[in-house]
$ cat data_1.csv   # CSV, C-alpha atoms
chain,number,residue,atom,x,y,z
A,1,MET,CA,61.7,127.8,65.6
A,2,GLN,CA,62.9,126.1,62.5
A,3,THR,CA,60.2,127.8,60.5
A,4,LEU,CA,61.3,131.1,62.0
A,5,SER,CA,65.0,130.7,61.1
A,6,ARG,CA,64.0,129.5,57.6
A,7,PHE,CA,62.0,132.7,57.3
A,8,MET,CA,64.8,134.8,58.5
A,9,PHE,CA,67.1,133.1,56.1
A,10,LEU,CA,64.8,133.7,53.1
A,11,ALA,CA,64.3,137.3,54.3
A,12,ALA,CA,68.1,137.9,54.4
A,13,LEU,CA,68.5,136.3,51.0
A,14,THR,CA,65.8,138.6,49.6
A,15,VAL,CA,67.4,141.7,51.1
A,16,MET,CA,70.8,140.6,49.7
A,17,SER,CA,69.5,140.1,46.2
A,18,VAL,CA,67.6,143.4,46.3
A,19,ALA,CA,70.8,145.1,47.5
A,20,GLN,CA,72.6,143.6,44.5
A,21,ALA,CA,69.9,144.3,42.0
A,22,ALA,CA,69.7,148.0,42.8
A,23,PRO,CA,73.2,149.0,41.6
A,24,ARG,CA,72.7,146.8,38.5
A,25,ASP,CA,69.4,148.5,37.7
A,26,ASP,CA,71.1,151.9,38.2
A,27,ILE,CA,73.8,150.9,35.7
A,28,LEU,CA,71.2,149.8,33.2
A,29,ALA,CA,69.2,153.0,33.7
A,30,ALA,CA,72.3,155.1,33.2
A,31,TYR,CA,73.0,153.4,29.8
A,32,ALA,CA,69.4,153.9,28.8
A,33,ALA,CA,69.5,157.6,29.8
A,34,GLN,CA,72.8,158.0,27.8
A,35,ALA,CA,71.3,156.3,24.8
A,36,LYS,CA,68.2,158.5,25.0
A,37,ALA,CA,70.4,161.6,25.2
A,38,GLY,CA,72.2,160.6,22.0
A,39,ASP,CA,69.1,159.6,20.1
A,40,ALA,CA,65.6,161.1,20.8
A,41,ALA,CA,64.0,158.2,19.0
A,42,PHE,CA,65.5,155.6,21.5
A,43,ALA,CA,62.6,153.6,22.9
A,44,GLY,CA,64.4,151.7,25.6
A,45,VAL,CA,66.8,148.8,25.9
A,46,SER,CA,66.1,145.5,24.3
A,47,ALA,CA,67.1,142.1,25.5
A,48,VAL,CA,66.4,140.7,22.1
A,49,ARG,CA,68.9,143.1,20.5
A,50,GLY,CA,71.3,142.3,23.3
A,51,GLU,CA,71.1,138.6,22.6
A,52,ALA,CA,71.9,139.3,18.9
A,53,LEU,CA,74.8,141.4,19.8
A,54,HIS,CA,76.1,138.7,22.2
A,55,ARG,CA,75.7,135.8,19.7
A,56,ASP,CA,76.4,137.4,16.3
A,57,ARG,CA,79.7,137.0,14.6
A,58,HIS,CA,81.1,140.5,14.0
A,59,ALA,CA,83.7,141.8,11.6
A,60,GLY,CA,86.2,144.4,12.7
A,61,GLY,CA,87.5,142.8,15.9
A,62,LYS,CA,90.2,140.2,16.4
A,63,ALA,CA,90.2,137.0,14.3
A,64,ASP,CA,90.1,134.7,17.3
A,65,SER,CA,87.2,136.6,18.9
A,66,PRO,CA,84.5,137.4,16.3
A,67,SER,CA,81.8,137.0,18.9
A,68,CYS,CA,81.2,137.4,22.7
A,69,THR,CA,80.6,133.7,22.7
A,70,SER,CA,84.1,133.0,21.4
A,71,CYS,CA,85.2,133.3,25.0
A,72,HIS,CA,82.0,133.3,27.0
A,73,GLY,CA,80.5,130.3,25.3
A,74,GLU,CA,77.1,129.6,23.7
A,75,ASN,CA,75.5,128.9,27.1
A,76,THR,CA,75.2,132.1,29.2
A,77,ARG,CA,74.8,130.0,32.3
A,78,ALA,CA,77.9,128.0,31.8
A,79,ALA,CA,81.5,129.0,32.4
A,80,GLY,CA,83.6,130.4,29.5
A,81,ARG,CA,87.3,130.3,28.8
A,82,THR,CA,89.8,132.9,27.9
A,83,PRO,CA,92.1,132.3,24.9
A,84,VAL,CA,94.9,131.4,27.3
A,85,GLY,CA,92.8,128.9,29.1
A,86,LYS,CA,91.5,130.5,32.3
A,87,THR,CA,87.9,129.9,33.3
A,88,ILE,CA,85.5,132.8,33.1
A,89,ASP,CA,82.5,132.8,35.4
A,90,PRO,CA,79.1,132.5,33.7
A,91,VAL,CA,77.7,135.8,32.4
A,92,ALA,CA,74.0,135.1,33.2
A,93,VAL,CA,72.8,137.0,36.2
A,94,SER,CA,70.7,134.0,37.4
A,95,VAL,CA,73.9,132.1,38.1
A,96,ALA,CA,76.2,135.0,38.8
A,97,PRO,CA,74.1,137.3,41.0
A,98,THR,CA,77.0,139.6,42.0
A,99,ARG,CA,77.8,140.5,38.4
A,100,TYR,CA,77.3,144.0,36.9
A,101,THR,CA,77.0,145.7,40.3
A,102,ASP,CA,80.2,147.8,40.0
A,103,ALA,CA,79.8,150.5,37.3
A,104,ALA,CA,83.5,151.0,36.8
A,105,LYS,CA,84.1,147.3,36.4
A,106,VAL,CA,81.2,147.0,33.9
A,107,GLU,CA,82.7,149.9,31.9
A,108,LYS,CA,86.2,148.4,32.0
A,109,TRP,CA,85.1,145.1,30.5
A,110,PHE,CA,82.8,146.7,27.9
A,111,ARG,CA,85.7,148.9,26.8
A,112,ARG,CA,88.1,146.0,26.5
A,113,ASN,CA,85.8,143.3,25.1
A,114,CYS,CA,84.0,145.5,22.6
A,115,ARG,CA,87.3,146.4,21.2
A,116,GLU,CA,88.3,142.8,21.0
A,117,VAL,CA,85.1,141.6,19.3
A,118,LEU,CA,83.9,144.7,17.4
A,119,GLY,CA,87.1,146.5,16.9
A,120,ARG,CA,85.5,149.6,18.5
A,121,GLU,CA,83.9,150.7,21.7
A,122,CYS,CA,80.2,149.8,22.2
A,123,SER,CA,77.5,152.5,22.2
A,124,ALA,CA,75.4,153.2,25.3
A,125,ARG,CA,72.5,151.5,23.6
A,126,GLU,CA,74.5,148.3,22.9
A,127,LYS,CA,75.7,148.2,26.5
A,128,GLY,CA,72.2,148.6,27.8
A,129,ASP,CA,70.8,146.0,25.4
A,130,TRP,CA,73.5,143.5,26.3
A,131,LEU,CA,73.1,144.0,30.0
A,132,ALA,CA,69.3,143.7,29.6
A,133,PHE,CA,69.8,140.4,27.9
A,134,MET,CA,72.0,139.1,30.7
A,135,ILE,CA,69.5,140.2,33.3
A,136,THR,CA,66.9,137.9,31.6
A,137,GLN,CA,69.3,135.0,31.6
B,1,MET,CA,118.1,128.7,83.9
B,2,LYS,CA,115.6,126.0,84.9
B,3,PRO,CA,115.9,122.9,82.7
B,4,LEU,CA,112.3,123.2,81.5
B,5,ILE,CA,112.6,126.8,80.4
B,6,ARG,CA,116.0,126.0,78.8
B,7,SER,CA,114.6,123.1,76.7
B,8,ILE,CA,111.6,125.3,75.6
B,9,ALA,CA,114.1,128.1,74.6
B,10,VAL,CA,116.3,125.7,72.7
B,11,GLY,CA,113.2,124.1,71.0
B,12,ALA,CA,111.9,127.6,70.0
B,13,ALA,CA,115.4,128.6,68.7
B,14,LEU,CA,115.7,125.4,66.6
B,15,PHE,CA,112.2,125.9,65.2
B,16,ALA,CA,113.0,129.5,64.2
B,17,VAL,CA,116.2,128.4,62.5
B,18,GLY,CA,114.3,125.6,60.7
B,19,ALA,CA,111.6,128.0,59.6
B,20,VAL,CA,114.2,130.4,58.2
B,21,MET,CA,116.0,127.6,56.4
B,22,LEU,CA,112.8,126.3,54.9
B,23,GLU,CA,111.9,129.8,53.6
B,24,ARG,CA,115.3,130.1,52.0
B,25,ALA,CA,115.1,126.7,50.5
B,26,LYS,CA,111.7,127.5,49.0
B,27,ALA,CA,112.8,130.9,47.8
B,28,GLY,CA,116.0,129.6,46.3
B,29,SER,CA,114.4,126.7,44.4
B,30,ASP,CA,113.2,126.9,40.9
B,31,GLU,CA,109.9,125.4,42.0
B,32,PHE,CA,108.5,127.9,44.5
B,33,PHE,CA,107.6,131.5,43.6
B,34,PRO,CA,105.6,133.4,46.2
B,35,PRO,CA,102.1,133.9,44.9
B,36,VAL,CA,100.7,137.4,44.5
B,37,THR,CA,99.4,138.6,47.8
B,38,ASP,CA,98.1,142.0,46.9
B,39,PRO,CA,94.3,141.6,46.3
B,40,LEU,CA,94.1,144.3,43.6
B,41,THR,CA,97.1,142.8,41.7
B,42,ARG,CA,95.6,139.4,42.1
B,43,GLN,CA,92.3,140.5,40.8
B,44,GLU,CA,93.4,142.7,37.9
B,45,CYS,CA,96.2,140.4,36.7
B,46,GLY,CA,94.2,137.3,37.3
B,47,SER,CA,91.1,137.9,35.3
B,48,CYS,CA,92.3,136.6,31.9
B,49,HIS,CA,95.2,134.5,33.1
B,50,MET,CA,96.7,133.4,36.3
B,51,ALA,CA,98.1,136.2,38.4
B,52,PHE,CA,101.8,135.3,37.8
B,53,PRO,CA,104.1,135.6,40.7
B,54,ALA,CA,106.0,138.9,40.6
B,55,GLY,CA,109.2,136.9,41.1
B,56,LEU,CA,109.0,135.5,37.6
B,57,LEU,CA,110.2,138.8,36.0
B,58,PRO,CA,112.7,141.5,36.9
B,59,ALA,CA,111.4,144.9,38.0
B,60,ARG,CA,112.3,146.6,34.7
B,61,SER,CA,110.1,144.1,32.9
B,62,TRP,CA,107.1,144.8,35.1
B,63,GLN,CA,107.6,148.6,34.7
B,64,LYS,CA,107.7,148.3,30.9
B,65,MET,CA,104.6,146.0,30.9
B,66,MET,CA,102.6,148.2,33.1
B,67,GLY,CA,103.3,151.2,30.8
B,68,GLU,CA,101.9,149.3,27.8
B,69,LEU,CA,98.7,147.7,29.1
B,70,ASP,CA,96.6,149.1,26.3
B,71,ASN,CA,98.5,146.6,24.1
B,72,HIS,CA,99.2,143.7,26.4
B,73,PHE,CA,100.4,141.0,24.0
B,74,GLY,CA,97.8,142.3,21.5
B,75,ASP,CA,95.0,142.7,24.0
B,76,ASP,CA,93.6,145.8,25.7
B,77,ALA,CA,94.3,145.2,29.4
B,78,SER,CA,94.4,148.8,30.4
B,79,VAL,CA,93.4,149.9,33.9
B,80,ASP,CA,92.9,153.4,35.4
B,81,ALA,CA,96.0,155.3,36.5
B,82,ALA,CA,95.6,154.8,40.2
B,83,THR,CA,95.2,151.0,39.8
B,84,ALA,CA,98.2,150.8,37.5
B,85,ARG,CA,100.4,152.7,40.0
B,86,GLN,CA,99.4,150.4,42.9
B,87,ILE,CA,100.0,147.2,40.8
B,88,THR,CA,103.3,148.5,39.6
B,89,THR,CA,104.4,149.3,43.1
B,90,TYR,CA,103.6,145.7,44.2
B,91,LEU,CA,105.2,144.0,41.2
B,92,VAL,CA,108.4,146.0,41.4
B,93,ALA,CA,108.7,145.4,45.2
B,94,HIS,CA,108.4,141.7,44.7
B,95,ALA,CA,110.2,141.3,41.4
B,96,ALA,CA,112.8,138.6,40.7
B,97,ASP,CA,115.6,141.1,41.3
B,98,SER,CA,114.0,143.0,44.2
B,99,ALA,CA,115.9,143.2,47.5
B,100,GLY,CA,115.0,141.0,50.3
B,101,TYR,CA,112.5,138.8,48.6
B,102,GLY,CA,114.3,135.6,48.3
B,103,ASP,CA,117.0,135.0,45.8
B,104,MET,CA,115.3,134.8,42.4
B,105,ARG,CA,118.3,135.9,40.5
B,106,ARG,CA,119.0,132.4,39.4
B,107,TRP,CA,115.7,132.6,37.5
B,108,LEU,CA,117.2,135.5,35.5
B,109,ARG,CA,120.3,133.7,34.4
B,110,ARG,CA,121.3,134.7,30.9
B,111,VAL,CA,118.9,137.6,30.8
B,112,PRO,CA,121.0,140.7,29.8
B,113,ALA,CA,120.7,143.5,32.3
B,114,SER,CA,119.8,145.8,29.4
B,115,ALA,CA,116.8,143.7,28.4
B,116,ALA,CA,113.3,143.9,29.9
B,117,PRO,CA,111.8,140.6,28.8
B,118,GLN,CA,108.0,140.5,28.6
B,119,ARG,CA,107.2,136.9,28.0
B,120,ILE,CA,108.0,134.7,31.0
B,121,THR,CA,107.9,131.7,28.6
B,122,GLU,CA,110.8,133.1,26.7
B,123,LEU,CA,113.2,133.4,29.6
B,124,PRO,CA,116.2,131.1,29.1
B,125,LYS,CA,115.5,129.4,32.4
B,126,TRP,CA,111.8,128.9,31.6
B,127,VAL,CA,112.7,127.4,28.3
B,128,ARG,CA,115.3,125.1,29.9
B,129,GLU,CA,112.9,124.0,32.6
B,130,HIS,CA,110.3,123.1,30.0
B,131,ARG,CA,112.5,121.4,27.4
B,132,GLU,CA,111.2,118.0,28.2
B,133,VAL,CA,107.6,119.0,27.2
B,134,SER,CA,107.0,117.9,23.6
B,135,PRO,CA,105.4,120.3,21.1
B,136,ARG,CA,102.5,117.9,20.8
B,137,GLU,CA,101.7,118.2,24.5
B,138,TRP,CA,101.5,122.0,24.2
B,139,THR,CA,98.7,121.6,21.7
B,140,ARG,CA,96.5,119.7,24.0
B,141,LYS,CA,93.1,121.3,24.3
B,142,GLU,CA,93.1,121.7,28.1
B,143,ILE,CA,96.4,123.5,28.0
B,144,ALA,CA,95.3,126.1,25.4
B,145,SER,CA,98.5,128.1,25.9
B,146,LYS,CA,101.9,128.1,27.6
B,147,VAL,CA,100.6,130.8,29.8
B,148,ASN,CA,98.2,128.3,31.4
B,149,CYS,CA,100.5,127.2,34.2
B,150,VAL,CA,97.8,125.5,36.2
B,151,ALA,CA,97.0,123.0,33.4
B,152,CYS,CA,100.1,121.1,34.5
B,153,HIS,CA,101.3,122.7,37.7
B,154,VAL,CA,98.2,122.1,39.8
B,155,ASP,CA,99.4,124.1,42.7
B,156,ALA,CA,100.7,127.1,40.7
B,157,GLU,CA,98.2,129.5,42.2
B,158,ARG,CA,99.8,128.7,45.6
B,159,GLY,CA,103.3,129.3,44.2
B,160,TYR,CA,104.4,125.7,43.6
B,161,PHE,CA,105.7,124.9,40.1
B,162,GLU,CA,107.2,121.5,40.7
B,163,ASP,CA,107.2,118.9,37.9
B,164,ASP,CA,103.9,117.1,37.6

$ encode --input "data_1.csv" --output "structure tokens"
Amino acid sequence: MQTLSRFMFLAALTVMSVAQAAPRDDILAAYAAQAKAGDAAFAGVSAVRGEALHRDRHAGGKADSPSCTSCHGENTRAAGRTPVGKTIDPVAVSVAPTRYTDAAKVEKWFRRNCREVLGRECSAREKGDWLAFMITQ
Amino acid sequence: MKPLIRSIAVGAALFAVGAVMLERAKAGSDEFFPPVTDPLTRQECGSCHMAFPAGLLPARSWQKMMGELDNHFGDDASVDAATARQITTYLVAHAADSAGYGDMRRWLRRVPASAAPQRITELPKWVREHREVSPREWTRKEIASKVNCVACHVDAERGYFEDD
């Protein structure tokens, strides 16, 4: 009986994480398709490029946020902090499994944060790369 | 009326009066501001900073702020039009000078009717209430900014801003 309920629990958990992975994969696929449409040579998203985008210090954005890590922190699995002191949930999918499952919300934060850090909106390729990196985290 | 029923009725009436008085006392004090109850407003306004109680600013301030979200104190905090409308409706309905939402007018003392202040931390009453906080304390790392109410007011998310 205990084994059965444990099995049911694991099954439910699997279904839940699959249910959450699906919209995230769709969002990633949409960015990849958009990048491909803009550049025929685009050969797919890259978590390695995504990590560089996340960690590099960029010029063009605001002085107090030269990098994604300025607020999100160096450790993707740890909480970050906004400039005014509010805690930000970790960005890594492994510890924040509900993240990146609402396309409009993902777009909203890319728009805001890319402008803060890069001083411009991110390209579809950059968004796909960054998301691919977080999925590996 | 039977004695039992009468004492129950009197008890209920006293309880009701007490509840109303407590609400008034809370609403009239400088230490309780009803927290944001609208889930959308709570979520959107609470991502980067605490979702400040609507009663901390007058309606005209919220209206101005909601019209300038693409430059929100230097940050892009824009939301789509439908979201902005819903949030504005909530904030205006629960603003410091809104009708029937407690008496927050004391909080707006010395704010000219023609002004639409944007920074809660620049309201004369806010400044007065925080005058005992030394400049050095504000620079403490865990405070980060004057906007970070919860650093000192631990129950601020629930509307309580008493001195800690």

$ interface_residues --input "data_1.csv" --of "chain B" --to "chain A" --cutoff "7 Å" --atoms "only C-alpha atoms" --output "NGL selection string"
:B and (48-49 or 76-77 or 143-145 or 147-148)

$ atom_distance --input "data_1.csv" --atom1 "CA of Ala92 in chain A" --atom2 "CA of Ala78 in chain A"
8.2 Å

$ residues_around --input "data_1.csv" --residues "Pro112 in chain B" --least-positions-apart "4" --cutoff "12 Å" --atoms "only C-alpha atoms" --output "list in words"
Pro58, Arg60, Ser61, Leu108, Ala116, Pro117, Leu123 and Pro124 of chain B

$ closest_residue --input "data_1.csv" --among "B:Thr121, B:Gly55, B:Val111, B:Cys152" --to "Thr37 in chain B" --atoms "all atoms listed in the file"
B:Gly55

$ residues_around --input "data_1.csv" --residues "Thr89 in chain B" --least-positions-apart "2" --cutoff "12 Å" --atoms "all atoms listed in the file" --output "PDB file with C-alpha atoms, keeping the file's coordinate frame"
ATOM      1  CA  ASP B  38      98.100 142.000  46.900  1.00  0.00           C
ATOM      2  CA  LEU B  40      94.100 144.300  43.600  1.00  0.00           C
ATOM      3  CA  THR B  41      97.100 142.800  41.700  1.00  0.00           C
ATOM      4  CA  ALA B  54     106.000 138.900  40.600  1.00  0.00           C
ATOM      5  CA  ALA B  59     111.400 144.900  38.000  1.00  0.00           C
ATOM      6  CA  ARG B  60     112.300 146.600  34.700  1.00  0.00           C
ATOM      7  CA  TRP B  62     107.100 144.800  35.100  1.00  0.00           C
ATOM      8  CA  GLN B  63     107.600 148.600  34.700  1.00  0.00           C
ATOM      9  CA  MET B  66     102.600 148.200  33.100  1.00  0.00           C
ATOM     10  CA  ALA B  82      95.600 154.800  40.200  1.00  0.00           C
ATOM     11  CA  THR B  83      95.200 151.000  39.800  1.00  0.00           C
ATOM     12  CA  ALA B  84      98.200 150.800  37.500  1.00  0.00           C
ATOM     13  CA  ARG B  85     100.400 152.700  40.000  1.00  0.00           C
ATOM     14  CA  GLN B  86      99.400 150.400  42.900  1.00  0.00           C
ATOM     15  CA  ILE B  87     100.000 147.200  40.800  1.00  0.00           C
ATOM     16  CA  LEU B  91     105.200 144.000  41.200  1.00  0.00           C
ATOM     17  CA  VAL B  92     108.400 146.000  41.400  1.00  0.00           C
ATOM     18  CA  ALA B  93     108.700 145.400  45.200  1.00  0.00           C
ATOM     19  CA  HIS B  94     108.400 141.700  44.700  1.00  0.00           C
ATOM     20  CA  ALA B  95     110.200 141.300  41.400  1.00  0.00           C
ATOM     21  CA  SER B  98     114.000 143.000  44.200  1.00  0.00           C
TER      22      SER B  98
END
